[in-house]
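Structure record follows, encoded as structure tokens.
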Amino acid sequence: MGMFELGGMTLKWLFHKPATKQYPQVQVPPYPGRRGHIENDIQTCILCSRCVKGCPADALEVDRKNRTWSINLYRCIQCENCVRVCPTHSLTMSEELAGPTTHISAIVHTKPEDTSKKKVSKNDSSKQS
Amino acid sequence: MGKRSVIPFGPQHPVLPEPVHLDLAVEDEKVVKAIPQIGFIHRGLEKLTETHDYQNYVYVAERICGICSFGHSLGYCETIEQMMDVDVPMRAQKIRVMLHEISRIQSHLLWLGLTADAFGFESLFMHVWRLRENVLDIFEMTTGGRVILSINKVGGLVRDISDDVLSQVESKLVSLKDEYQQIEKTFLSNSSVKSRTVGVGVISHDQAENLGMVGPFARASHVNNDVRCLGIGGYRLLSDFVPILDTTGDCYGRIRVRCKEVVQSIDIALEMIRSLSSGSVSVDVKGPIPDGAQAVNLLEQPRGECFYYSLGNGTQYLERMRMRTPSSENLAGMVAALQGCDLADVNMIILTIDPCISCTER
Ligand code: SF4
Ligand code: SF4
């Protein structure tokens, strides 16, 4: 009895468009809110390292001396925790999956000097004195 | 009596999705003894709580096992919430139950597909997994991930699900139920399925109780140990819950229990969606866990009861975390079911127990 129903279902699917997609020729659009990969707007980042502390996978690194923020996408588990702890909302979770690469390396963003130059130098001098 | 010999089975074997090794002592074609060996993928995840912030550990907990990933994060969060006396908002509790039941559907469908594949019923396997893709789509719509959902946090959920998405989920579940019920009929009435499973690997009611078996494996032997009946966490909100039991205790009984549980889970998920009220989905939880605070928690995972224990030490880290997962409980039952079976039935028996070795070894 069940066999006939399954046979009917199978027959129906022979004339149906396939349930699978021919990736990568056919791309499936992401659902809104998919966790793809992390992006950082380095202009608004204040290099406070909160995201580094909140990252369970040790994927992030902040180097205040060289003013860099870097992410190793191969370590990142797309948990979105860093996005939630960032005080300046400079981190966002993009819906696009990270593209393929041929070698493992971290993506490094360097924060331009000029935006908060004065502040930094003031702080540095106060620390030294 | 034939000569006794030992056949090594696993850790790499086509019917085993995960590595477990069995030494099967066989006489002719009969298995007289099975000696399991585990430990191939032990990762020390409980120990990690001592060095990971308790809030960040949620993401580790959900990686204990890919199939019950939501369940583990839920069980862990509920344990910590108990320790810290956190009241999770009603909406979050209902969404948690909904997602947990949808995870059960996903897990059982995966298992039904593997079972169909194991007895060579390829078209059934394809159809079941086609349905499972729809369930994964529901996860992607609601949480942003297909397997690892990362939606739980200590204190609730990290994101709310909009009413629009919820109504889409509802209609997807309704159509899934329709299609699934046709497939279920094949599973339960097909003669080739029955010929492979009826009377195979029988575990009696007493045996199941004595071996401390849990989950659908025990329920097929008419042992009611469904933790959902206890009404822990969001499960107290269920209007009525009757566990699905079977009396046969054989492979067919286990298939029947899981088949019916899929429909039951769809109904629970629909009930939760329909009774959702608006409100917040999380409360802020900050600060260290009180020194000496302890909590125990039980959760019905797709494979059975999972037990959680945790102990705080006044810091951001836990002193101790213990998870007793269903598959490790069921190993003794698995050995008992294999005793005296035909060699050709070994794969069927192991599959119907649905062991999850990642959970077992953590
Ligand atoms: S938390 Fe935000 S502002 Fe702070 S370092 Fe990370 S990205 Fe930059
Ligand atoms: S998404 Fe998670 S794992 Fe990835 S960088 Fe952010 S915190 Fe780390």
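Ligands are numbered from 1 in the order shown, residues from 1 within each chain, and chains are lettered A, B, ... in the order they appear in the structure tokens.
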Can you tell me which residues surround B:Tyr308 at a distance of at most 10 Å, considering only C-alpha atoms, apart from same-chain residues fewer than 3 positions away, and format the answer as a VMD selection string? chain B and resid 72 75 to 76 78 to 80 295 to 299 305 321 to 325
For the residues selected in the previous step, produce a file with N, CA and C atoms as an mmCIF file, in the first residue's frame.
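The resulting part_38.cif:
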```
data_model
loop_
_atom_site.group_PDB
_atom_site.id
_atom_site.type_symbol
_atom_site.label_atom_id
_atom_site.label_comp_id
_atom_site.auth_asym_id
_atom_site.auth_seq_id
_atom_site.Cartn_x
_atom_site.Cartn_y
_atom_site.Cartn_z
ATOM 1 N N HIS B 72 21.980 20.789 22.593
ATOM 2 C CA HIS B 72 23.069 20.958 23.551
ATOM 3 C C HIS B 72 23.207 22.397 24.018
ATOM 4 N N GLY B 75 20.304 22.884 26.468
ATOM 5 C CA GLY B 75 20.530 22.230 27.760
ATOM 6 C C GLY B 75 21.554 22.987 28.585
ATOM 7 N N TYR B 76 22.624 23.428 27.932
ATOM 8 C CA TYR B 76 23.669 24.158 28.634
ATOM 9 C C TYR B 76 23.121 25.489 29.164
ATOM 10 N N GLU B 78 20.055 26.403 29.804
ATOM 11 C CA GLU B 78 19.080 26.221 30.887
ATOM 12 C C GLU B 78 19.785 25.905 32.203
ATOM 13 N N THR B 79 20.865 25.142 32.128
ATOM 14 C CA THR B 79 21.601 24.808 33.348
ATOM 15 C C THR B 79 22.195 26.067 33.977
ATOM 16 N N ILE B 80 22.833 26.882 33.142
ATOM 17 C CA ILE B 80 23.461 28.100 33.670
ATOM 18 C C ILE B 80 22.378 29.058 34.189
ATOM 19 N N ALA B 295 23.708 23.302 39.588
ATOM 20 C CA ALA B 295 22.420 23.089 38.913
ATOM 21 C C ALA B 295 22.462 21.773 38.167
ATOM 22 N N VAL B 296 21.304 21.132 38.122
ATOM 23 C CA VAL B 296 21.166 19.958 37.254
ATOM 24 C C VAL B 296 19.997 20.222 36.319
ATOM 25 N N ASN B 297 20.078 19.627 35.178
ATOM 26 C CA ASN B 297 19.044 19.852 34.175
ATOM 27 C C ASN B 297 18.880 18.596 33.328
ATOM 28 N N LEU B 298 17.678 18.376 32.878
ATOM 29 C CA LEU B 298 17.414 17.246 31.989
ATOM 30 C C LEU B 298 16.774 17.770 30.717
ATOM 31 N N LEU B 299 17.134 17.160 29.607
ATOM 32 C CA LEU B 299 16.536 17.582 28.349
ATOM 33 C C LEU B 299 16.338 16.357 27.474
ATOM 34 N N GLU B 305 17.306 11.069 26.878
ATOM 35 C CA GLU B 305 17.544 12.004 27.968
ATOM 36 C C GLU B 305 19.014 12.419 28.043
ATOM 37 N N MET B 321 31.639 20.957 34.660
ATOM 38 C CA MET B 321 30.470 20.792 33.796
ATOM 39 C C MET B 321 30.420 19.328 33.406
ATOM 40 N N ARG B 322 29.247 18.742 33.557
ATOM 41 C CA ARG B 322 29.131 17.328 33.204
ATOM 42 C C ARG B 322 27.911 17.167 32.325
ATOM 43 N N MET B 323 28.081 16.479 31.227
ATOM 44 C CA MET B 323 26.946 16.178 30.360
ATOM 45 C C MET B 323 26.929 14.674 30.159
ATOM 46 N N ARG B 324 25.820 14.064 30.544
ATOM 47 C CA ARG B 324 25.697 12.622 30.284
ATOM 48 C C ARG B 324 24.736 12.484 29.112
ATOM 49 N N THR B 325 25.293 12.093 28.002
ATOM 50 C CA THR B 325 24.514 12.148 26.765
ATOM 51 C C THR B 325 23.795 10.819 26.503
#
```
For ligand 2, return the neighbouring residues as a VMD selection string (distance at most 10 Å; only C-alpha atoms and all ligand atoms). (chain A and resid 35 to 39 50 to 61 70 to 86 91 to 93) or (chain B and resid 56 59 150)
So which one's closest to chain A, B:Val165, B:Cys251, B:Leu351, B:Ala336? Using only C-alpha atoms, please. B:Val165
Contacts of A:Tyr31 within 8 Å, only C-alpha atoms, excl. fewer than 6 positions in-chain, as a ChimeraX atom specification: /A:95 /B:140-141,144
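Distances to chain A were evaluated for B:Ser189, B:Ser5, B:Gln168, B:Ser73 using only C-alpha atoms, and the minimum falls at B:Ser189.
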With a cut-off of 9 Å and counting only C-alpha atoms, select all residues of chain B in contact with chain A and give the selection as a compact mmCIF listing (two decimals) with N, CA, C and O atoms, in the first residue's frame.
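Final output, saved to result.txt:
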```
# COMPACT_ATOMS: atom_id res chain seq x y z
N HIS B 52 36.94 28.64 29.26
CA HIS B 52 36.11 29.48 28.40
C HIS B 52 35.08 30.21 29.23
O HIS B 52 34.45 29.60 30.09
N ASP B 53 34.90 31.45 28.95
CA ASP B 53 33.85 32.23 29.59
C ASP B 53 32.52 31.50 29.45
O ASP B 53 32.21 30.97 28.39
N GLN B 55 29.59 32.46 29.03
CA GLN B 55 28.69 32.94 27.97
C GLN B 55 29.16 32.47 26.60
O GLN B 55 28.36 32.16 25.73
N ASN B 56 30.48 32.44 26.43
CA ASN B 56 31.01 32.02 25.14
C ASN B 56 30.94 30.52 24.95
O ASN B 56 31.00 30.02 23.83
N TYR B 57 30.84 29.80 26.07
CA TYR B 57 30.86 28.33 25.96
C TYR B 57 29.64 27.79 25.22
O TYR B 57 29.66 26.67 24.72
N TYR B 59 28.70 28.42 22.38
CA TYR B 59 29.09 28.09 21.00
C TYR B 59 29.92 26.82 20.96
O TYR B 59 30.00 26.17 19.93
N VAL B 60 30.57 26.50 22.06
CA VAL B 60 31.28 25.22 22.12
C VAL B 60 30.27 24.11 22.35
O VAL B 60 30.32 23.06 21.72
N SER B 123 15.13 5.05 -3.04
CA SER B 123 14.18 6.14 -3.35
C SER B 123 13.57 6.70 -2.07
O SER B 123 13.37 7.91 -1.94
N LEU B 124 13.35 5.82 -1.10
CA LEU B 124 12.83 6.29 0.19
C LEU B 124 13.84 7.22 0.86
O LEU B 124 13.49 8.28 1.38
N HIS B 127 13.74 10.63 -0.77
CA HIS B 127 12.56 11.42 -0.42
C HIS B 127 12.65 11.97 1.00
O HIS B 127 12.31 13.11 1.26
N ARG B 130 15.06 14.75 1.06
CA ARG B 130 14.50 15.93 0.39
C ARG B 130 13.64 16.71 1.38
O ARG B 130 13.73 17.94 1.46
N ASP B 137 15.93 24.51 5.75
CA ASP B 137 15.54 25.85 5.28
C ASP B 137 14.86 26.64 6.39
O ASP B 137 15.08 27.84 6.52
N GLU B 140 17.46 28.02 8.54
CA GLU B 140 18.18 29.15 7.94
C GLU B 140 17.32 30.42 7.99
O GLU B 140 17.82 31.52 8.24
N MET B 141 16.02 30.24 7.75
CA MET B 141 15.12 31.40 7.80
C MET B 141 15.06 32.02 9.19
O MET B 141 15.00 33.23 9.35
N THR B 142 15.05 31.14 10.20
CA THR B 142 14.78 31.66 11.55
C THR B 142 16.05 32.03 12.29
O THR B 142 16.02 32.94 13.12
N THR B 143 17.15 31.34 12.02
CA THR B 143 18.33 31.58 12.85
C THR B 143 19.56 32.03 12.07
O THR B 143 20.51 32.52 12.65
N GLY B 144 19.56 31.84 10.76
CA GLY B 144 20.72 32.26 9.98
C GLY B 144 21.72 31.15 9.74
O GLY B 144 22.70 31.34 9.04
N GLY B 145 21.51 29.99 10.33
CA GLY B 145 22.41 28.86 10.09
C GLY B 145 21.59 27.62 9.79
O GLY B 145 20.44 27.52 10.21
N ILE B 148 24.40 24.57 12.58
CA ILE B 148 24.76 25.19 13.85
C ILE B 148 23.93 26.47 13.94
O ILE B 148 24.14 27.40 13.16
N LEU B 149 23.00 26.50 14.87
CA LEU B 149 22.03 27.60 14.84
C LEU B 149 22.49 28.85 15.58
O LEU B 149 22.12 29.96 15.22
N SER B 150 23.30 28.68 16.63
CA SER B 150 23.84 29.82 17.38
C SER B 150 22.77 30.85 17.74
O SER B 150 22.99 32.05 17.59
N ILE B 151 21.62 30.41 18.19
CA ILE B 151 20.58 31.38 18.53
C ILE B 151 20.37 31.45 20.03
O ILE B 151 19.82 32.42 20.55
N VAL B 158 19.41 35.13 21.01
CA VAL B 158 20.17 36.28 20.52
C VAL B 158 19.38 37.09 19.49
O VAL B 158 19.69 38.25 19.24
N GLN B 182 2.77 10.55 3.91
CA GLN B 182 2.79 9.57 2.82
C GLN B 182 4.03 8.69 2.91
O GLN B 182 3.96 7.47 2.72
N ILE B 183 5.16 9.33 3.23
CA ILE B 183 6.41 8.56 3.33
C ILE B 183 6.35 7.62 4.53
O ILE B 183 6.81 6.48 4.47
N GLU B 184 5.75 8.12 5.61
CA GLU B 184 5.66 7.32 6.83
C GLU B 184 4.91 6.01 6.56
O GLU B 184 5.29 4.96 7.06
N LYS B 185 3.85 6.12 5.74
CA LYS B 185 3.07 4.92 5.42
C LYS B 185 3.97 3.86 4.79
O LYS B 185 3.88 2.68 5.11
N THR B 186 4.85 4.30 3.87
CA THR B 186 5.74 3.35 3.23
C THR B 186 6.63 2.68 4.27
O THR B 186 6.83 1.47 4.26
N PHE B 187 7.17 3.52 5.18
CA PHE B 187 8.05 2.97 6.20
C PHE B 187 7.35 1.90 7.02
O PHE B 187 7.92 0.87 7.34
N LEU B 188 6.11 2.17 7.37
CA LEU B 188 5.45 1.29 8.34
C LEU B 188 4.71 0.13 7.70
O LEU B 188 4.39 -0.83 8.37
N SER B 189 4.41 0.21 6.39
CA SER B 189 3.63 -0.88 5.83
C SER B 189 4.35 -1.66 4.75
O SER B 189 3.86 -2.68 4.29
N ASN B 190 5.54 -1.20 4.37
CA ASN B 190 6.22 -1.87 3.27
C ASN B 190 6.76 -3.23 3.71
O ASN B 190 7.35 -3.36 4.77
N SER B 191 6.58 -4.23 2.86
CA SER B 191 6.98 -5.59 3.27
C SER B 191 8.50 -5.74 3.32
O SER B 191 9.03 -6.47 4.16
```
Among stretch 133-342 of chain B, which residues carry a DSSP assignment of strand (DSSP E), reported as a list in words? Asn152, Lys153, Gly156, Leu157, Gln294, Ala295, Val296, Asn297, Leu298, Leu299, Glu300, Gln301, Gly304, Glu305, Cys306, Phe307, Tyr308, Tyr309, Ser310, Leu311, Gly312, Leu318, Glu319, Arg320, Met321, Arg322, Met323 and Arg324 of chain B
List the spatial neighbours of B:Val174 as a compact mmCIF listing (two decimals) with C-alpha atoms, in the first residue's frame - criterion: any atom at most 10 Å away, only C-alpha atoms, same-chain residues fewer than 5 positions off excluded.
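See selection34.txt below for the written result:
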```
# COMPACT_ATOMS: atom_id res chain seq x y z
CA GLN B 168 6.12 30.99 6.74
CA VAL B 169 7.51 28.38 9.13
CA GLU B 179 4.18 14.89 2.56
CA TYR B 180 5.81 13.17 5.47
CA ILE B 266 5.52 18.88 14.07
CA ASP B 267 2.35 19.24 16.17
CA LEU B 270 2.88 24.23 15.45
```
If I take atom CA of B:Leu237 and atom CA of B:Lys94, how far is one from the other in Å, to one decimal? 7.9 Å
I need the residue nearest B:Leu331 from this list: B:Arg43, B:His21, B:Lys153, B:Lys286. Use only C-alpha atoms for the distance. B:His21
Who sits within 7 Å of B:Ser221, only C-alpha atoms, same chain under 2 positions skipped, as a list in words: Ile203, Ser204, His205, Ala208, Ala218, Arg219, Val223, Asp246, Thr247, Thr248 and Gly249 of chain B
Export of prior selection with all heavy atoms as a PDB file, in the first residue's frame:
```pdb
ATOM      1  N   ILE B 203      14.741  -6.184  22.440  1.00  0.00           N
ATOM      2  CA  ILE B 203      15.095  -5.853  23.827  1.00  0.00           C
ATOM      3  C   ILE B 203      13.786  -5.844  24.610  1.00  0.00           C
ATOM      4  O   ILE B 203      12.850  -5.130  24.234  1.00  0.00           O
ATOM      5  CB  ILE B 203      15.756  -4.457  23.902  1.00  0.00           C
ATOM      6  CG1 ILE B 203      17.105  -4.440  23.192  1.00  0.00           C
ATOM      7  CG2 ILE B 203      15.900  -3.987  25.333  1.00  0.00           C
ATOM      8  CD1 ILE B 203      18.274  -4.900  23.992  1.00  0.00           C
ATOM      9  N   SER B 204      13.733  -6.629  25.677  1.00  0.00           N
ATOM     10  CA  SER B 204      12.482  -6.688  26.442  1.00  0.00           C
ATOM     11  C   SER B 204      12.356  -5.477  27.362  1.00  0.00           C
ATOM     12  O   SER B 204      13.338  -4.755  27.590  1.00  0.00           O
ATOM     13  CB  SER B 204      12.431  -7.970  27.264  1.00  0.00           C
ATOM     14  OG  SER B 204      13.407  -7.886  28.279  1.00  0.00           O
ATOM     15  N   HIS B 205      11.159  -5.307  27.900  1.00  0.00           N
ATOM     16  CA  HIS B 205      10.901  -4.176  28.790  1.00  0.00           C
ATOM     17  C   HIS B 205      11.848  -4.200  29.993  1.00  0.00           C
ATOM     18  O   HIS B 205      12.472  -3.187  30.343  1.00  0.00           O
ATOM     19  CB  HIS B 205       9.439  -4.244  29.253  1.00  0.00           C
ATOM     20  CG  HIS B 205       9.084  -3.236  30.284  1.00  0.00           C
ATOM     21  ND1 HIS B 205       8.742  -1.940  29.972  1.00  0.00           N
ATOM     22  CD2 HIS B 205       9.043  -3.318  31.635  1.00  0.00           C
ATOM     23  CE1 HIS B 205       8.501  -1.276  31.075  1.00  0.00           C
ATOM     24  NE2 HIS B 205       8.669  -2.084  32.104  1.00  0.00           N
ATOM     25  N   ALA B 208      15.407  -3.386  29.075  1.00  0.00           N
ATOM     26  CA  ALA B 208      15.575  -1.956  28.796  1.00  0.00           C
ATOM     27  C   ALA B 208      15.681  -1.166  30.092  1.00  0.00           C
ATOM     28  O   ALA B 208      16.483  -0.246  30.201  1.00  0.00           O
ATOM     29  CB  ALA B 208      14.406  -1.443  27.958  1.00  0.00           C
ATOM     30  N   ALA B 218      14.531   3.012  24.144  1.00  0.00           N
ATOM     31  CA  ALA B 218      13.840   2.441  25.303  1.00  0.00           C
ATOM     32  C   ALA B 218      12.330   2.483  25.111  1.00  0.00           C
ATOM     33  O   ALA B 218      11.620   1.565  25.515  1.00  0.00           O
ATOM     34  CB  ALA B 218      14.220   3.213  26.559  1.00  0.00           C
ATOM     35  N   ARG B 219      11.838   3.540  24.486  1.00  0.00           N
ATOM     36  CA  ARG B 219      10.385   3.673  24.320  1.00  0.00           C
ATOM     37  C   ARG B 219       9.825   2.571  23.413  1.00  0.00           C
ATOM     38  O   ARG B 219       8.678   2.190  23.537  1.00  0.00           O
ATOM     39  CB  ARG B 219      10.034   5.055  23.778  1.00  0.00           C
ATOM     40  CG  ARG B 219      10.283   6.169  24.798  1.00  0.00           C
ATOM     41  CD  ARG B 219       9.514   7.411  24.477  1.00  0.00           C
ATOM     42  NE  ARG B 219      10.135   8.214  23.443  1.00  0.00           N
ATOM     43  CZ  ARG B 219      11.164   9.032  23.627  1.00  0.00           C
ATOM     44  NH1 ARG B 219      11.688   9.171  24.824  1.00  0.00           N
ATOM     45  NH2 ARG B 219      11.668   9.736  22.636  1.00  0.00           N
ATOM     46  N   VAL B 223       9.284   1.466  27.708  1.00  0.00           N
ATOM     47  CA  VAL B 223       9.778   2.114  28.917  1.00  0.00           C
ATOM     48  C   VAL B 223       9.553   3.611  28.719  1.00  0.00           C
ATOM     49  O   VAL B 223      10.125   4.199  27.809  1.00  0.00           O
ATOM     50  CB  VAL B 223      11.288   1.849  29.123  1.00  0.00           C
ATOM     51  CG1 VAL B 223      11.798   2.599  30.341  1.00  0.00           C
ATOM     52  CG2 VAL B 223      11.543   0.374  29.256  1.00  0.00           C
ATOM     53  N   ASP B 246       6.057   1.798  22.304  1.00  0.00           N
ATOM     54  CA  ASP B 246       5.790   0.622  21.488  1.00  0.00           C
ATOM     55  C   ASP B 246       6.103  -0.598  22.347  1.00  0.00           C
ATOM     56  O   ASP B 246       6.877  -0.491  23.300  1.00  0.00           O
ATOM     57  CB  ASP B 246       6.682   0.649  20.242  1.00  0.00           C
ATOM     58  CG  ASP B 246       6.083  -0.159  19.119  1.00  0.00           C
ATOM     59  OD1 ASP B 246       6.013  -1.390  19.238  1.00  0.00           O
ATOM     60  OD2 ASP B 246       5.686   0.454  18.115  1.00  0.00           O
ATOM     61  N   THR B 247       5.515  -1.702  22.029  1.00  0.00           N
ATOM     62  CA  THR B 247       5.728  -2.864  22.901  1.00  0.00           C
ATOM     63  C   THR B 247       6.650  -3.902  22.295  1.00  0.00           C
ATOM     64  O   THR B 247       7.101  -4.804  22.986  1.00  0.00           O
ATOM     65  CB  THR B 247       4.381  -3.556  23.204  1.00  0.00           C
ATOM     66  OG1 THR B 247       3.678  -3.706  21.975  1.00  0.00           O
ATOM     67  CG2 THR B 247       3.539  -2.739  24.170  1.00  0.00           C
ATOM     68  N   THR B 248       6.947  -3.772  21.008  1.00  0.00           N
ATOM     69  CA  THR B 248       7.666  -4.868  20.354  1.00  0.00           C
ATOM     70  C   THR B 248       9.143  -4.931  20.749  1.00  0.00           C
ATOM     71  O   THR B 248       9.703  -6.015  20.869  1.00  0.00           O
ATOM     72  CB  THR B 248       7.570  -4.732  18.824  1.00  0.00           C
ATOM     73  OG1 THR B 248       7.987  -3.420  18.483  1.00  0.00           O
ATOM     74  CG2 THR B 248       6.158  -4.972  18.350  1.00  0.00           C
ATOM     75  N   GLY B 249       9.790  -3.792  20.928  1.00  0.00           N
ATOM     76  CA  GLY B 249      11.195  -3.799  21.329  1.00  0.00           C
ATOM     77  C   GLY B 249      12.162  -4.217  20.243  1.00  0.00           C
ATOM     78  O   GLY B 249      13.347  -4.386  20.491  1.00  0.00           O
TER      79      GLY B 249
END
```
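Closest approach to ligand 1 among A:Leu14, A:Val26, A:Cys48, A:Ile104: A:Cys48, based on only C-alpha atoms and all ligand atoms.
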